[in-house]
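Undergrad: What follows is the file final.cif, containing mmCIF, C-alpha atoms:
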```
data_run
#
loop_
_atom_site.label_atom_id
_atom_site.label_comp_id
_atom_site.auth_asym_id
_atom_site.auth_seq_id
_atom_site.Cartn_x
_atom_site.Cartn_y
_atom_site.Cartn_z
CA MET A 1464 -5.83 8.53 12.83
CA ILE A 1465 -2.57 7.98 14.66
CA GLU A 1466 -0.84 4.70 14.04
CA ASN A 1467 0.74 2.88 16.91
CA LYS A 1468 4.26 2.66 15.53
CA THR A 1469 7.46 2.79 17.49
CA PHE A 1470 10.44 4.92 16.55
CA VAL A 1471 12.17 1.77 15.27
CA ASP A 1472 9.19 0.90 13.05
CA VAL A 1473 9.08 4.39 11.55
CA ASN A 1474 12.82 4.40 10.90
CA ARG A 1475 12.69 0.88 9.43
CA ASP A 1476 9.89 1.89 7.04
CA GLU A 1477 11.73 5.05 6.02
CA ILE A 1478 14.97 3.13 5.45
CA LEU A 1479 13.14 0.49 3.38
CA ARG A 1480 11.40 3.20 1.36
CA LYS A 1481 14.72 4.96 0.69
CA LEU A 1482 16.42 1.70 -0.30
CA ALA A 1483 13.56 0.79 -2.63
CA LEU A 1484 13.53 4.21 -4.28
CA ASP A 1485 17.30 3.93 -4.75
CA MET A 1486 16.79 0.46 -6.26
CA LEU A 1487 14.11 1.87 -8.55
CA ALA A 1488 16.61 4.34 -9.90
CA THR A 1489 18.81 1.44 -11.04
CA GLN A 1490 16.04 -0.43 -12.89
CA ALA A 1491 15.56 -0.30 -16.64
CA PRO A 1492 12.81 2.20 -17.57
CA PRO A 1493 10.13 -0.40 -18.41
CA VAL A 1494 10.61 -2.10 -15.03
CA SER A 1495 10.79 1.11 -12.99
CA THR A 1496 7.68 2.40 -14.78
CA ALA A 1497 5.90 -0.85 -13.95
CA ILE A 1498 6.93 -0.63 -10.29
CA TYR A 1499 5.67 2.93 -9.98
CA ALA A 1500 2.39 2.01 -11.67
CA ALA A 1501 2.00 -1.22 -9.66
CA ALA A 1502 2.04 0.83 -6.44
CA ILE A 1503 -1.23 2.56 -7.38
CA PRO A 1504 -3.62 -0.41 -7.03
CA ARG A 1505 -3.65 -2.29 -3.73
CA TYR A 1506 -2.66 -5.40 -5.66
CA PHE A 1507 -1.75 -6.31 -9.20
CA ASN A 1508 -1.54 -9.22 -11.60
CA THR A 1509 -0.80 -9.44 -15.30
CA GLN A 1510 -4.20 -8.11 -16.35
CA VAL A 1511 -4.01 -5.15 -13.95
CA LEU A 1512 -0.51 -4.32 -15.22
CA ALA A 1513 -1.82 -4.40 -18.80
CA VAL A 1514 -4.53 -1.91 -17.79
CA ILE A 1515 -2.36 0.50 -15.80
CA LEU A 1516 0.53 0.45 -18.27
CA SER A 1517 -1.66 0.34 -21.41
CA VAL A 1518 0.43 -2.50 -22.82
CA PRO A 1519 -0.50 -5.83 -24.44
CA TYR A 1520 -1.10 -8.78 -22.12
CA ASP A 1521 2.11 -10.62 -23.11
CA ARG A 1522 4.24 -7.54 -22.34
CA ALA A 1523 2.43 -7.12 -19.02
CA ASP A 1524 3.05 -10.79 -18.23
CA ASN A 1525 6.80 -10.37 -18.81
CA LEU A 1526 6.85 -7.31 -16.56
CA ASN A 1527 4.81 -9.13 -13.91
CA GLN A 1528 7.41 -11.90 -13.85
CA GLU A 1529 10.21 -9.35 -13.53
CA LEU A 1530 8.45 -7.56 -10.69
CA GLN A 1531 7.95 -10.80 -8.77
CA ARG A 1532 11.75 -11.16 -8.52
CA LEU A 1533 12.10 -7.89 -6.61
CA PRO A 1534 12.50 -8.07 -2.83
CA PHE A 1535 9.76 -5.50 -2.11
CA ILE A 1536 7.08 -7.27 -4.15
CA GLN A 1537 5.09 -9.77 -2.11
CA PRO A 1538 2.25 -12.19 -2.80
CA TYR A 1539 -1.27 -10.92 -2.19
CA GLY A 1540 -3.84 -13.67 -2.15
CA GLN A 1541 -3.55 -16.62 -4.50
CA SER A 1542 -2.60 -15.01 -7.81
CA ASN A 1543 -1.88 -11.35 -7.09
CA TYR A 1544 1.05 -9.34 -5.84
CA THR A 1545 1.53 -6.07 -4.02
CA VAL A 1546 4.28 -3.56 -3.35
CA TYR A 1547 5.50 -3.67 0.26
CA ASP A 1548 3.48 -1.11 2.26
CA ALA A 1549 6.31 1.28 3.19
CA ILE A 1550 7.61 1.33 -0.40
CA ARG A 1551 4.10 1.75 -1.79
CA ALA A 1552 3.47 4.69 0.53
CA GLY A 1553 6.66 6.38 -0.66
CA ILE A 1554 5.81 5.84 -4.31
CA LEU A 1555 2.27 7.13 -3.78
CA GLN A 1556 3.76 10.29 -2.27
CA GLU A 1557 5.70 10.75 -5.50
CA TRP A 1558 2.54 10.22 -7.57
CA CYS A 1559 0.76 12.99 -5.68
CA LYS A 1560 3.31 15.61 -6.65
CA PRO A 1561 1.98 18.14 -9.19
CA ASN A 1562 4.15 16.88 -12.06
CA HIS A 1563 2.70 13.33 -11.72
CA LYS A 1564 -0.86 14.02 -10.56
CA SER A 1565 -2.46 13.94 -14.03
CA GLU A 1566 -1.01 10.51 -14.90
CA TYR A 1567 -1.90 9.26 -11.41
CA LEU A 1568 -5.52 10.23 -11.98
CA ASN A 1569 -5.50 8.70 -15.48
CA ILE A 1570 -4.26 5.36 -14.12
CA ASN A 1571 -6.86 5.41 -11.35
CA ASN A 1572 -9.54 6.16 -13.94
CA ARG A 1573 -8.44 3.17 -16.05
CA LEU A 1574 -8.51 0.98 -12.94
CA ALA A 1575 -11.99 2.19 -11.99
CA GLN A 1576 -13.24 1.41 -15.50
CA TYR A 1577 -11.55 -1.99 -15.49
CA TYR A 1578 -13.07 -3.02 -12.16
CA HIS A 1579 -16.50 -1.64 -13.11
CA GLU A 1580 -16.39 -3.79 -16.27
CA ILE A 1581 -15.62 -6.88 -14.17
CA CYS A 1582 -18.53 -6.05 -11.84
CA ASP A 1583 -20.89 -5.51 -14.76
CA SER A 1584 -19.96 -8.85 -16.33
CA ASP A 1585 -20.20 -10.87 -13.09
CA PRO A 1586 -22.13 -9.01 -10.38
CA ILE A 1587 -22.45 -12.05 -8.09
CA SER A 1588 -18.80 -12.99 -7.56
CA SER A 1589 -17.13 -9.60 -7.93
CA ARG A 1590 -17.45 -8.16 -4.42
CA GLY A 1591 -13.70 -7.53 -4.13
CA GLU A 1592 -13.60 -5.90 -7.54
CA ARG A 1593 -16.54 -3.66 -6.57
CA THR A 1594 -14.50 -2.39 -3.61
CA GLU A 1595 -11.59 -1.66 -5.95
CA ALA A 1596 -13.87 0.07 -8.47
CA ILE A 1597 -15.27 2.35 -5.76
CA TYR A 1598 -11.83 3.09 -4.33
CA HIS A 1599 -10.34 4.12 -7.68
CA GLN A 1600 -13.46 6.07 -8.63
CA ILE A 1601 -13.20 8.06 -5.37
CA VAL A 1602 -9.55 8.84 -6.10
CA VAL A 1603 -10.58 10.22 -9.50
CA ASP A 1604 -13.73 12.01 -8.33
CA GLU A 1605 -14.23 12.35 -4.57
CA LYS A 1606 -17.61 14.06 -4.93
CA ASN A 1607 -19.23 11.47 -7.23
CA GLY A 1608 -17.16 8.39 -6.35
CA PHE A 1609 -20.12 6.39 -5.15
CA LEU A 1610 -22.28 6.92 -8.26
#
```
Go ahead and render the structure in this file as structure tokens.
TA:
Amino acid sequence: MIENKTFVDVNRDEILRKLALDMLATQAPPVSTAIYAAAIPRYFNTQVLAVILSVPYDRADNLNQELQRLPFIQPYGQSNYTVYDAIRAGILQEWCKPNHKSEYLNINNRLAQYYHEICDSDPISSRGERTEAIYHQIVVDEKNGFL
């Protein structure tokens, strides 16, 4: 699929991605790790950060508050946040490199399990979580992602 982006849009996204990656390099390791991990799900909140970082809820809450102060983190819905699309795309490219692929798959597996648990506990009101569960399961296992 070809996106309908102008030269200016492409350059703007690339400049933003480069600036964000440069900013990431200046962050303390816990924050930069959280930013990289937060780019994997489409959106995050404290609970999702706890899952993807394998940290206690209170630590994830502190990191969530720190992330919200960054200029490339934006609200997503009522109580979630997301990494700006161009920055997220750049970080996901980094995750797909061979030296990060294993951890990338591990995080997606944890997310798939997390969202499946939500769906199992509340099948009626968890349509959005079901979409997330399927997405992360496909990332982990393209062949059996819909099982």
Undergrad: Looking at A:Ala1513, A:Val1494, A:Ala1549, A:Met1486, which one is nearest to Asn1474 in chain A, with distances taken over all atoms listed in the file?
TA: A:Ala1549
Undergrad: Would you compute the distance between CA of Asp1485 in chain A and CA of Lys1564 in chain A? Give it in Å to one decimal.
TA: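 Taking CA of Asp1485 in chain A and CA of Lys1564 in chain A, their separation equals 21.6 Å.
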Undergrad: May I have the residues within 6 Å of Val1603 in chain A as a CSV table (one decimal) with C-alpha atoms, in the frame of the given file, using only C-alpha atoms and disregarding those fewer than 2 positions away in the same chain?
TA:
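Result file around_2.csv:
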```
chain,number,residue,atom,x,y,z
A,1568,LEU,CA,-5.5,10.2,-12.0
A,1600,GLN,CA,-13.5,6.1,-8.6
A,1601,ILE,CA,-13.2,8.1,-5.4
```
Undergrad: For His1599 in chain A, which of A:Val1511, A:Val1546, A:Ile1478, A:Ile1570 is the closest residue, counting all atoms listed in the file?
TA: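 Between A:Val1511, A:Val1546, A:Ile1478, A:Ile1570, the residue approaching His1599 in chain A most closely is A:Ile1570.
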Undergrad: Identify which of the residues A:Ala1501, A:Leu1484, A:Val1602, A:Ile1550 lies closest to Ile1515 in chain A, counting all atoms listed in the file when measuring atom-to-atom distances.
TA: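 Of the candidates, the smallest distance to Ile1515 in chain A is held by A:Ala1501.
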Undergrad: Name the residues in contact with Leu1530 in chain A at a cut-off of 8 Å, using all atoms listed in the file, excluding same-chain residues fewer than 6 positions from it; report them as a compact mmCIF listing (two decimals) with C-alpha atoms, in the frame of the given file.
TA:
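part34.txt written:
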```txt
# COMPACT_ATOMS: atom_id res chain seq x y z
CA VAL A 1494 10.61 -2.10 -15.03
CA ALA A 1497 5.90 -0.85 -13.95
CA ILE A 1498 6.93 -0.63 -10.29
CA ILE A 1536 7.08 -7.27 -4.15
```
Undergrad: What's the separation between CA of Asn1508 in chain A and CA of Ser1542 in chain A, in Å to one decimal place?
TA: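 Computing it gives 7.0 Å between the two atoms.
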Undergrad: If we count only C-alpha atoms, what is near Gln1537 in chain A at a cut-off of 9 Å, once residues fewer than 6 positions away on the same chain are taken out, given as a PyMOL selection string?
TA: chain A and resi 1531+1543-1547
Undergrad: Please dump the current selection as a compact mmCIF listing (two decimals), in the frame of the given file; keep C-alpha atoms.
TA:
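Listed below is the output, again.txt:
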```txt
# COMPACT_ATOMS: atom_id res chain seq x y z
CA GLN A 1531 7.95 -10.80 -8.77
CA ASN A 1543 -1.88 -11.35 -7.09
CA TYR A 1544 1.05 -9.34 -5.84
CA THR A 1545 1.53 -6.07 -4.02
CA VAL A 1546 4.28 -3.56 -3.35
CA TYR A 1547 5.50 -3.67 0.26
```
Undergrad: Restricting the calculation to only C-alpha atoms: of A:Tyr1506, A:Phe1535, A:Tyr1520, A:Tyr1598, which residue gets closest to Leu1487 in chain A?
TA: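 Once distances to Leu1487 in chain A are computed over only C-alpha atoms, the minimum belongs to A:Phe1535.
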Undergrad: I'd like the contact shell of Ala1596 in chain A - 12 Å cut-off, only C-alpha atoms, skipping same-chain residues fewer than 2 positions apart - returned as an MDAnalysis selection string.
TA: chainID A and resid 1504:1505 1571:1583 1589:1594 1598:1604 1608:1610
Undergrad: How many Å lie between CA of Glu1477 in chain A and CA of Pro1534 in chain A, rounded to one decimal?
TA: 15.8 Å
Undergrad: Neighbours of Ile1503 in chain A within 8 Å (all atoms listed in the file; same-chain residues fewer than 3 positions away dropped), as a ChimeraX atom specification?
TA: /A:1499-1500,1551,1555,1567,1570-1571
Undergrad: Measuring between only C-alpha atoms, which one of A:Ile1587, A:Leu1482, A:Ile1597, A:Leu1516 shows the shortest distance to Thr1496 in chain A?
TA: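 When distances to Thr1496 in chain A are compared using only C-alpha atoms, the smallest one comes from A:Leu1516.
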Undergrad: Export range 1544-1557 of chain A from the structure block above, keeping all heavy atoms, as a PDB file, in the first residue's frame.
TA:
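And here's decode04.pdb as it stands now:
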```
ATOM      1  N   TYR A1544      -2.175   6.392  26.423  1.00  0.00           N
ATOM      2  CA  TYR A1544      -1.232   7.252  25.712  1.00  0.00           C
ATOM      3  C   TYR A1544      -0.600   6.449  24.597  1.00  0.00           C
ATOM      4  O   TYR A1544      -0.651   5.216  24.589  1.00  0.00           O
ATOM      5  CB  TYR A1544      -0.157   7.782  26.677  1.00  0.00           C
ATOM      6  CG  TYR A1544      -0.757   8.686  27.703  1.00  0.00           C
ATOM      7  CD1 TYR A1544      -1.285   8.168  28.884  1.00  0.00           C
ATOM      8  CD2 TYR A1544      -0.877  10.049  27.458  1.00  0.00           C
ATOM      9  CE1 TYR A1544      -1.908   8.999  29.805  1.00  0.00           C
ATOM     10  CE2 TYR A1544      -1.495  10.880  28.384  1.00  0.00           C
ATOM     11  CZ  TYR A1544      -2.007  10.349  29.545  1.00  0.00           C
ATOM     12  OH  TYR A1544      -2.625  11.165  30.446  1.00  0.00           O
ATOM     13  N   THR A1545       0.005   7.151  23.660  1.00  0.00           N
ATOM     14  CA  THR A1545       0.687   6.490  22.557  1.00  0.00           C
ATOM     15  C   THR A1545       1.917   7.298  22.164  1.00  0.00           C
ATOM     16  O   THR A1545       2.002   8.495  22.454  1.00  0.00           O
ATOM     17  CB  THR A1545      -0.270   6.314  21.350  1.00  0.00           C
ATOM     18  OG1 THR A1545       0.359   5.484  20.385  1.00  0.00           O
ATOM     19  CG2 THR A1545      -0.661   7.629  20.727  1.00  0.00           C
ATOM     20  N   VAL A1546       2.843   6.632  21.527  1.00  0.00           N
ATOM     21  CA  VAL A1546       4.034   7.285  21.000  1.00  0.00           C
ATOM     22  C   VAL A1546       3.660   7.839  19.626  1.00  0.00           C
ATOM     23  O   VAL A1546       3.023   7.141  18.828  1.00  0.00           O
ATOM     24  CB  VAL A1546       5.208   6.280  20.888  1.00  0.00           C
ATOM     25  CG1 VAL A1546       6.442   6.941  20.288  1.00  0.00           C
ATOM     26  CG2 VAL A1546       5.524   5.679  22.250  1.00  0.00           C
ATOM     27  N   TYR A1547       4.033   9.084  19.360  1.00  0.00           N
ATOM     28  CA  TYR A1547       3.743   9.721  18.079  1.00  0.00           C
ATOM     29  C   TYR A1547       4.121   8.775  16.943  1.00  0.00           C
ATOM     30  O   TYR A1547       5.156   8.122  16.981  1.00  0.00           O
ATOM     31  CB  TYR A1547       4.518  11.041  17.987  1.00  0.00           C
ATOM     32  CG  TYR A1547       4.292  11.800  16.712  1.00  0.00           C
ATOM     33  CD1 TYR A1547       3.119  12.512  16.500  1.00  0.00           C
ATOM     34  CD2 TYR A1547       5.248  11.793  15.714  1.00  0.00           C
ATOM     35  CE1 TYR A1547       2.904  13.211  15.325  1.00  0.00           C
ATOM     36  CE2 TYR A1547       5.047  12.489  14.534  1.00  0.00           C
ATOM     37  CZ  TYR A1547       3.868  13.189  14.342  1.00  0.00           C
ATOM     38  OH  TYR A1547       3.663  13.860  13.179  1.00  0.00           O
ATOM     39  N   ASP A1548       3.276   8.680  15.918  1.00  0.00           N
ATOM     40  CA  ASP A1548       3.397   7.674  14.870  1.00  0.00           C
ATOM     41  C   ASP A1548       4.780   7.595  14.219  1.00  0.00           C
ATOM     42  O   ASP A1548       5.319   6.505  14.048  1.00  0.00           O
ATOM     43  CB  ASP A1548       2.350   7.907  13.776  1.00  0.00           C
ATOM     44  CG  ASP A1548       0.946   7.563  14.222  1.00  0.00           C
ATOM     45  OD1 ASP A1548       0.789   6.835  15.224  1.00  0.00           O
ATOM     46  OD2 ASP A1548      -0.003   8.034  13.572  1.00  0.00           O
ATOM     47  N   ALA A1549       5.350   8.723  13.834  1.00  0.00           N
ATOM     48  CA  ALA A1549       6.649   8.701  13.159  1.00  0.00           C
ATOM     49  C   ALA A1549       7.746   8.186  14.092  1.00  0.00           C
ATOM     50  O   ALA A1549       8.625   7.434  13.665  1.00  0.00           O
ATOM     51  CB  ALA A1549       7.007  10.087  12.634  1.00  0.00           C
ATOM     52  N   ILE A1550       7.675   8.550  15.356  1.00  0.00           N
ATOM     53  CA  ILE A1550       8.660   8.097  16.338  1.00  0.00           C
ATOM     54  C   ILE A1550       8.457   6.608  16.593  1.00  0.00           C
ATOM     55  O   ILE A1550       9.415   5.823  16.638  1.00  0.00           O
ATOM     56  CB  ILE A1550       8.554   8.912  17.643  1.00  0.00           C
ATOM     57  CG1 ILE A1550       9.162  10.306  17.490  1.00  0.00           C
ATOM     58  CG2 ILE A1550       9.297   8.236  18.770  1.00  0.00           C
ATOM     59  CD1 ILE A1550       8.468  11.277  16.708  1.00  0.00           C
ATOM     60  N   ARG A1551       7.210   6.205  16.738  1.00  0.00           N
ATOM     61  CA  ARG A1551       6.896   4.793  16.967  1.00  0.00           C
ATOM     62  C   ARG A1551       7.422   3.943  15.810  1.00  0.00           C
ATOM     63  O   ARG A1551       8.020   2.888  16.033  1.00  0.00           O
ATOM     64  CB  ARG A1551       5.386   4.616  17.130  1.00  0.00           C
ATOM     65  CG  ARG A1551       4.991   3.176  17.396  1.00  0.00           C
ATOM     66  CD  ARG A1551       3.503   3.061  17.721  1.00  0.00           C
ATOM     67  NE  ARG A1551       3.197   1.685  18.024  1.00  0.00           N
ATOM     68  CZ  ARG A1551       2.461   0.896  17.246  1.00  0.00           C
ATOM     69  NH1 ARG A1551       1.920   1.373  16.139  1.00  0.00           N
ATOM     70  NH2 ARG A1551       2.244  -0.353  17.588  1.00  0.00           N
ATOM     71  N   ALA A1552       7.209   4.402  14.600  1.00  0.00           N
ATOM     72  CA  ALA A1552       7.675   3.647  13.431  1.00  0.00           C
ATOM     73  C   ALA A1552       9.196   3.469  13.468  1.00  0.00           C
ATOM     74  O   ALA A1552       9.708   2.389  13.185  1.00  0.00           O
ATOM     75  CB  ALA A1552       7.236   4.344  12.150  1.00  0.00           C
ATOM     76  N   GLY A1553       9.898   4.528  13.832  1.00  0.00           N
ATOM     77  CA  GLY A1553      11.357   4.438  13.925  1.00  0.00           C
ATOM     78  C   GLY A1553      11.819   3.477  15.012  1.00  0.00           C
ATOM     79  O   GLY A1553      12.750   2.697  14.822  1.00  0.00           O
ATOM     80  N   ILE A1554      11.149   3.526  16.147  1.00  0.00           N
ATOM     81  CA  ILE A1554      11.506   2.622  17.250  1.00  0.00           C
ATOM     82  C   ILE A1554      11.185   1.183  16.866  1.00  0.00           C
ATOM     83  O   ILE A1554      11.973   0.266  17.138  1.00  0.00           O
ATOM     84  CB  ILE A1554      10.786   3.044  18.546  1.00  0.00           C
ATOM     85  CG1 ILE A1554      11.320   4.391  19.028  1.00  0.00           C
ATOM     86  CG2 ILE A1554      10.974   1.973  19.624  1.00  0.00           C
ATOM     87  CD1 ILE A1554      10.544   4.988  20.191  1.00  0.00           C
ATOM     88  N   LEU A1555      10.052   0.965  16.202  1.00  0.00           N
ATOM     89  CA  LEU A1555       9.707  -0.401  15.785  1.00  0.00           C
ATOM     90  C   LEU A1555      10.729  -0.945  14.782  1.00  0.00           C
ATOM     91  O   LEU A1555      11.026  -2.145  14.793  1.00  0.00           O
ATOM     92  CB  LEU A1555       8.292  -0.449  15.211  1.00  0.00           C
ATOM     93  CG  LEU A1555       7.175  -0.261  16.236  1.00  0.00           C
ATOM     94  CD1 LEU A1555       5.819  -0.191  15.542  1.00  0.00           C
ATOM     95  CD2 LEU A1555       7.191  -1.364  17.287  1.00  0.00           C
ATOM     96  N   GLN A1556      11.285  -0.079  13.950  1.00  0.00           N
ATOM     97  CA  GLN A1556      12.355  -0.513  13.044  1.00  0.00           C
ATOM     98  C   GLN A1556      13.554  -1.012  13.843  1.00  0.00           C
ATOM     99  O   GLN A1556      14.178  -2.005  13.494  1.00  0.00           O
ATOM    100  CB  GLN A1556      12.783   0.621  12.119  1.00  0.00           C
ATOM    101  CG  GLN A1556      11.789   0.930  11.031  1.00  0.00           C
ATOM    102  CD  GLN A1556      12.197   2.146  10.211  1.00  0.00           C
ATOM    103  OE1 GLN A1556      13.164   2.847  10.533  1.00  0.00           O
ATOM    104  NE2 GLN A1556      11.451   2.402   9.143  1.00  0.00           N
ATOM    105  N   GLU A1557      13.873  -0.314  14.926  1.00  0.00           N
ATOM    106  CA  GLU A1557      14.975  -0.749  15.789  1.00  0.00           C
ATOM    107  C   GLU A1557      14.672  -2.100  16.424  1.00  0.00           C
ATOM    108  O   GLU A1557      15.535  -2.964  16.525  1.00  0.00           O
ATOM    109  CB  GLU A1557      15.234   0.290  16.888  1.00  0.00           C
ATOM    110  CG  GLU A1557      15.759   1.611  16.390  1.00  0.00           C
ATOM    111  CD  GLU A1557      17.131   1.492  15.759  1.00  0.00           C
ATOM    112  OE1 GLU A1557      18.012   0.823  16.349  1.00  0.00           O
ATOM    113  OE2 GLU A1557      17.317   2.048  14.667  1.00  0.00           O
TER     114      GLU A1557
END
```
